[in-house]
Amino acid sequence: MGILDDESLDARAKPFISERRDEPTDELLQRAALIEEAPSPAMLEDTAQWLGIFDEMSAAGFTPEELLRIALRIDKPAFDVFGPDAAMLGHLFAIDAGLPIARQVCEELLVRSAPKLEWKDQRLANVALARLAAGDIDPRFEPLFGWHPMAPTELRAIIGAIASERREAFVTARSKPATGEGANTPRSAAFILDQLLWIVDLVPGIRSTFDGLLAAANGDDQRDKLAAEIAAGTPRTLEPRPTKKALRARAYWGDATKKAKRADDILSLAEQAYTRKLTVDAPELATVAAWIAAGAKRQKQIATAIAKALSEHTGKACKVVDIATYGGPPIATIAVGKQRFCLVPGGTFEMGFSEEEEAAVRASSEVNAEVESHFELYEQLFEQVHHFRPIRHVRVQPMLVAQGPGGTYELDEASDVLAESPFRVPSEAEWEYCARGGKLRELTYRGDVVPDHGEWFLDTRTLGVKGANAFGLWGFGYEPELCADVWYETLDDLPADGTPRHGDGDRVVRGGAAQLFPWQETGEWHMLLSAFRMSSSMWEFTIAMRFVLGIDCGVRAS
């Protein structure tokens, strides 16, 4: 049994090997940058991950020789993961035992080589030949060489190990571009020419093939660049490790790590910013009833006082735009630059997915029972109902609330925006209170129509503020709006005073249907529901923030 067919180590190795995508550590990336010659960020990450895996295996007692033998066998069929690339294999071959193992690999590949090696075997052949170049390449193994992409260092090692009197014939015989049906001759010619430029000093006579290869490369986008390099006659030199490209790939991951850390900051920052508020002597804001009873003159006085306090808080000129009704209490709109905020009085409401709301959705489900994607459109929602319950009676304090949907940001960008903003994001109780607009047991901010078709969404988006709820607010459910609460599976133990639940980890996100439009009939409309909630870890795209600012009016709502 040969090395490539030996399964004796597989059972021990498999628990360590998986298609994991952990964030690569800086130390592993540094080591990977010394191994890879011209990596993309993804290649550098992959090598760093393999280094981490082999480090773990070494700590568990695997010898360097065993690690090399295992690496030679790793492929998708055997381990359900693609193995390390040629550069990583070359790194593992560097041990003393690597020389006889490379010889044995070549012996096995000679048996497989008729009529031509498969892609993965060709890669392995070149890696093994490069290792043998440190000693002596048996002429029997020379036919295993192929122009498989390899690092210039390995290419030069292999060609340099061929006896000088046979070198030109060896290279010339392998420098004919692919022809025939299905062959991309221009690309093949350009690739071979690019490889030859790395070894032209080792095989000077190969220059005689350049004109023919340039002619065959006509139409390839690298042809003119290669022609200019040949005309200049400047020899190529190997870059010291880590190469410039490897350093750029590592810098990419350094930036990505910083972004990921900054993205994580938004989760805790959402909670920390919750203390931002205005303090105004306005007990009339404590409840909707008290606000209505205050009368138009007092409402204007309070709105003006809040605009003044807001100007001081934000450092921007703020003014009362109007006080109007949207089918409910009078609502003051205050402009902060180009953005408008509604002054929402406090109050008590029922939070969660009510039986009435569920009944309305079930009725629509029955009407559409024959729809092919029925499970995704309806049944999936019913399976998640526990996330939106139990019904909670919650008191919410007054606040200023952005009138429309929040802007969307990458998570790391959102952290900077929130950190620099004088506003905050709402608790999920505040968000739902604002979305419901003082109404009880209605599906969306626009009422009790089940929004399970795209026309409803398009019509509602067209209406914009003209379709606002009784608090003058619109667009709830459109964007994935971040809340200050740490994520819990249910509404159990939700604070009755409307404040967020604290802790480390994922936050609550409300909404997101607009970012998935046009919908694929997989339940995207669920996000439009006032009671719908999910964890920030479930959201793959940009995050939104509907900015609010709490108001301490001197009275706790009852």
# chains A, B, ... in the order shown; residues from 1 in each chain; ligands from 1
>>> residues_around(residues="stretch 313-317 of chain A", least_positions_apart="2", cutoff="8 Å", atoms="only C-alpha atoms", output="short mmCIF file (atom, residue, chain, number, x, y, z; two decimals) with N, CA and C atoms, in the first residue's frame")
data_model
loop_
_atom_site.label_atom_id
_atom_site.label_comp_id
_atom_site.auth_asym_id
_atom_site.auth_seq_id
_atom_site.Cartn_x
_atom_site.Cartn_y
_atom_site.Cartn_z
N LEU A 278 -32.95 63.71 26.73
CA LEU A 278 -33.22 65.11 27.06
C LEU A 278 -34.02 65.15 28.36
N ALA A 309 -33.92 72.40 23.65
CA ALA A 309 -33.05 71.46 24.35
C ALA A 309 -32.30 70.56 23.36
N LEU A 310 -32.98 70.19 22.29
CA LEU A 310 -32.37 69.34 21.27
C LEU A 310 -31.25 70.09 20.54
N SER A 311 -31.45 71.38 20.30
CA SER A 311 -30.41 72.19 19.67
C SER A 311 -29.15 72.20 20.52
N LYS A 319 -35.88 72.95 14.93
CA LYS A 319 -37.10 73.75 14.98
C LYS A 319 -38.33 72.87 14.85
N VAL A 336 -34.20 68.30 12.54
CA VAL A 336 -32.79 68.37 12.93
C VAL A 336 -32.01 68.31 11.64
N GLY A 337 -31.65 69.47 11.10
CA GLY A 337 -31.08 69.51 9.76
C GLY A 337 -32.13 69.05 8.77
N PRO A 422 -25.62 62.03 18.53
CA PRO A 422 -26.20 62.42 19.82
C PRO A 422 -27.45 61.60 20.15
#
>>> residues_around(residues="A:Cys106", least_positions_apart="2", cutoff="7 Å", atoms="only C-alpha atoms", output="short mmCIF file (atom, residue, chain, number, x, y, z; two decimals) with C-alpha atoms, in the first residue's frame")
data_model
loop_
_atom_site.label_atom_id
_atom_site.label_comp_id
_atom_site.auth_asym_id
_atom_site.auth_seq_id
_atom_site.Cartn_x
_atom_site.Cartn_y
_atom_site.Cartn_z
CA ALA A 102 8.76 12.76 -2.09
CA ARG A 103 10.60 9.94 -3.88
CA GLN A 104 7.90 7.46 -2.89
CA GLU A 108 3.29 6.12 -7.05
CA LEU A 109 2.41 8.92 -9.44
CA LEU A 110 4.41 7.30 -12.24
CA ALA A 125 3.94 15.82 -8.59
CA ALA A 128 7.36 16.39 -4.75
CA PHE A 141 10.50 11.20 -12.62
#
>>> residues_around(residues="stretch 24-39 of chain A", least_positions_apart="5", cutoff="12 Å", atoms="only C-alpha atoms", output="mmCIF file with C-alpha atoms, in the first residue's frame")
data_model
loop_
_atom_site.group_PDB
_atom_site.id
_atom_site.type_symbol
_atom_site.label_atom_id
_atom_site.label_comp_id
_atom_site.auth_asym_id
_atom_site.auth_seq_id
_atom_site.Cartn_x
_atom_site.Cartn_y
_atom_site.Cartn_z
ATOM 1 C CA LEU A 44 -3.428 33.387 2.855
ATOM 2 C CA GLU A 45 -6.400 32.738 5.131
ATOM 3 C CA ASP A 46 -6.592 29.122 3.995
ATOM 4 C CA THR A 47 -2.908 28.530 4.695
ATOM 5 C CA ALA A 48 -3.198 30.215 8.105
ATOM 6 C CA GLN A 49 -6.083 27.903 8.937
ATOM 7 C CA TRP A 50 -4.112 24.838 7.894
ATOM 8 C CA LEU A 51 -1.219 25.990 10.046
ATOM 9 C CA GLY A 52 -3.630 26.217 12.973
ATOM 10 C CA ILE A 53 -4.981 22.733 12.292
ATOM 11 C CA PHE A 54 -1.532 21.180 12.022
ATOM 12 C CA ASP A 55 -0.427 23.004 15.177
ATOM 13 C CA PRO A 84 -3.779 22.427 1.647
ATOM 14 C CA ASP A 85 -2.341 24.111 -1.429
ATOM 15 C CA ALA A 86 1.030 23.408 -3.031
ATOM 16 C CA ALA A 87 2.867 26.032 -0.956
ATOM 17 C CA MET A 88 1.617 24.502 2.294
ATOM 18 C CA LEU A 89 2.512 21.006 1.112
ATOM 19 C CA GLY A 90 5.986 22.259 0.230
ATOM 20 C CA HIS A 91 6.289 23.655 3.756
ATOM 21 C CA LEU A 92 5.410 20.250 5.221
ATOM 22 C CA ALA A 94 10.749 20.492 4.288
ATOM 23 C CA PRO A 149 0.763 26.911 -11.610
ATOM 24 C CA MET A 150 3.476 26.843 -8.979
ATOM 25 C CA ALA A 151 5.546 29.357 -7.111
ATOM 26 C CA PRO A 152 8.575 30.646 -9.087
ATOM 27 C CA THR A 153 10.856 29.345 -6.339
ATOM 28 C CA GLU A 154 9.672 25.754 -6.851
ATOM 29 C CA LEU A 238 12.663 36.407 -6.716
ATOM 30 C CA GLU A 239 11.262 38.578 -3.959
ATOM 31 C CA PRO A 240 12.371 37.835 -0.416
ATOM 32 C CA ARG A 241 9.695 36.302 1.812
ATOM 33 C CA PRO A 242 7.281 37.650 2.807
ATOM 34 C CA THR A 243 6.649 39.024 -0.685
ATOM 35 C CA LYS A 244 4.850 42.287 -1.359
ATOM 36 C CA LYS A 245 1.727 40.406 -2.408
ATOM 37 C CA ALA A 246 1.801 38.300 0.752
ATOM 38 C CA LEU A 247 2.168 41.448 2.849
ATOM 39 C CA ARG A 248 -0.788 43.035 1.046
ATOM 40 C CA ALA A 249 -2.883 39.930 1.696
ATOM 41 C CA ARG A 250 -1.907 40.039 5.353
ATOM 42 C CA ALA A 251 -2.740 43.751 5.528
ATOM 43 C CA TYR A 252 -6.167 42.937 4.099
ATOM 44 C CA TRP A 253 -6.801 40.562 7.002
ATOM 45 C CA GLY A 254 -5.463 43.127 9.448
ATOM 46 C CA ASP A 255 -8.036 45.609 8.149
ATOM 47 C CA ALA A 256 -10.719 42.906 8.145
ATOM 48 C CA THR A 257 -9.923 42.057 11.773
ATOM 49 C CA LYS A 258 -10.199 45.708 12.774
ATOM 50 C CA ALA A 260 -14.800 42.820 12.586
#
>>> select_by_dssp(residues="stretch 357-478 of chain A", states="strand (DSSP E or B)", output="ChimeraX atom specification")
/A:392-396,399-402,407-409,424,444,447
>>> write_last_selection(atoms="N, CA and C atoms", output="short mmCIF file (atom, residue, chain, number, x, y, z; two decimals), in the first residue's frame")
data_model
loop_
_atom_site.label_atom_id
_atom_site.label_comp_id
_atom_site.auth_asym_id
_atom_site.auth_seq_id
_atom_site.Cartn_x
_atom_site.Cartn_y
_atom_site.Cartn_z
N ARG A 392 -46.64 40.86 26.61
CA ARG A 392 -46.16 41.61 27.76
C ARG A 392 -46.83 42.99 27.81
N HIS A 393 -47.23 43.42 28.99
CA HIS A 393 -47.73 44.78 29.18
C HIS A 393 -46.55 45.65 29.57
N VAL A 394 -46.25 46.62 28.74
CA VAL A 394 -45.03 47.42 28.90
C VAL A 394 -45.36 48.91 28.93
N ARG A 395 -44.68 49.63 29.82
CA ARG A 395 -44.79 51.09 29.89
C ARG A 395 -43.59 51.69 29.17
N VAL A 396 -43.81 52.67 28.33
CA VAL A 396 -42.75 53.29 27.55
C VAL A 396 -42.74 54.79 27.85
N MET A 399 -40.42 59.96 23.82
CA MET A 399 -39.15 60.02 23.08
C MET A 399 -39.32 60.76 21.77
N LEU A 400 -38.21 61.18 21.22
CA LEU A 400 -38.15 61.68 19.85
C LEU A 400 -37.75 60.50 18.98
N VAL A 401 -38.45 60.33 17.85
CA VAL A 401 -38.23 59.16 17.00
C VAL A 401 -38.09 59.60 15.55
N ALA A 402 -37.07 59.11 14.85
CA ALA A 402 -36.91 59.41 13.43
C ALA A 402 -38.18 59.01 12.69
N GLY A 407 -31.15 54.84 8.15
CA GLY A 407 -30.19 54.57 7.10
C GLY A 407 -29.50 53.24 7.33
N THR A 408 -28.96 52.64 6.27
CA THR A 408 -28.30 51.34 6.40
C THR A 408 -26.79 51.51 6.34
N TYR A 409 -26.09 50.67 7.10
CA TYR A 409 -24.64 50.76 7.22
C TYR A 409 -24.05 49.36 7.34
N ARG A 424 -29.63 57.64 19.89
CA ARG A 424 -29.41 56.24 20.24
C ARG A 424 -30.39 55.39 19.45
N THR A 444 -49.29 45.31 11.27
CA THR A 444 -48.23 46.21 10.84
C THR A 444 -48.56 47.63 11.25
N GLY A 447 -51.86 48.77 9.84
CA GLY A 447 -53.16 48.16 10.12
C GLY A 447 -53.13 46.66 10.14
#
>>> closest_atom_pairs(of="stretch 476-498 of chain A", to="stretch 350-374 of chain A", cutoff="10 Å", atoms="only C-alpha atoms", output="JSON lines")
{"residue": "A:Thr490", "atom": "CA", "partner": "A:Gly352", "partner_atom": "CA", "distance": 9.6}
{"residue": "A:Leu491", "atom": "CA", "partner": "A:Gly352", "partner_atom": "CA", "distance": 7.7}
{"residue": "A:Leu494", "atom": "CA", "partner": "A:Met351", "partner_atom": "CA", "distance": 9.8}
>>> closest_residue(among="A:Met534, A:Ala419, A:Ala414, A:Leu473", to="A:His386", atoms="only C-alpha atoms")
A:Met534
>>> atom_distance(atom1="atom CA of A:Ser536", atom2="atom CA of A:Tyr488")
11.2 Å
>>> residues_around(residues="A:Ile206", least_positions_apart="5", cutoff="8 Å", atoms="only C-alpha atoms", output="CSV table (one decimal) with C-alpha atoms, in the first residue's frame")
chain,number,residue,atom,x,y,z
A,168,GLU,CA,16.8,23.0,-22.9
A,171,VAL,CA,11.8,22.6,-21.3
A,172,THR,CA,11.3,23.0,-25.1
A,196,LEU,CA,9.4,30.6,-19.0
A,200,VAL,CA,15.1,32.0,-18.9
>>> closest_residue(among="A:Lys120, A:Arg546, A:His453, A:Arg167", to="A:Leu202", atoms="only C-alpha atoms")
A:Arg167
>>> residues_around(residues="stretch 321-334 of chain A", least_positions_apart="6", cutoff="8 Å", atoms="only C-alpha atoms", output="list of chain:residue names")
A:Val288, A:Trp291, A:Ile292, A:Lys300, A:Ala303, A:Ala307, A:Arg340, A:Phe341, A:Cys342, A:Leu343, A:Val344, A:Ala468, A:Asn469, A:Ala470, A:Phe471, A:Gly472
>>> atom_distance(atom1="atom CA of A:Gly437", atom2="atom CA of A:Ile543")
23.1 Å
>>> atom_distance(atom1="atom CA of A:His502", atom2="atom CA of A:Ser537")
16.7 Å
>>> closest_residue(among="A:Lys308, A:His148, A:Lys277, A:Arg461", to="A:Arg174", atoms="only C-alpha atoms")
A:His148
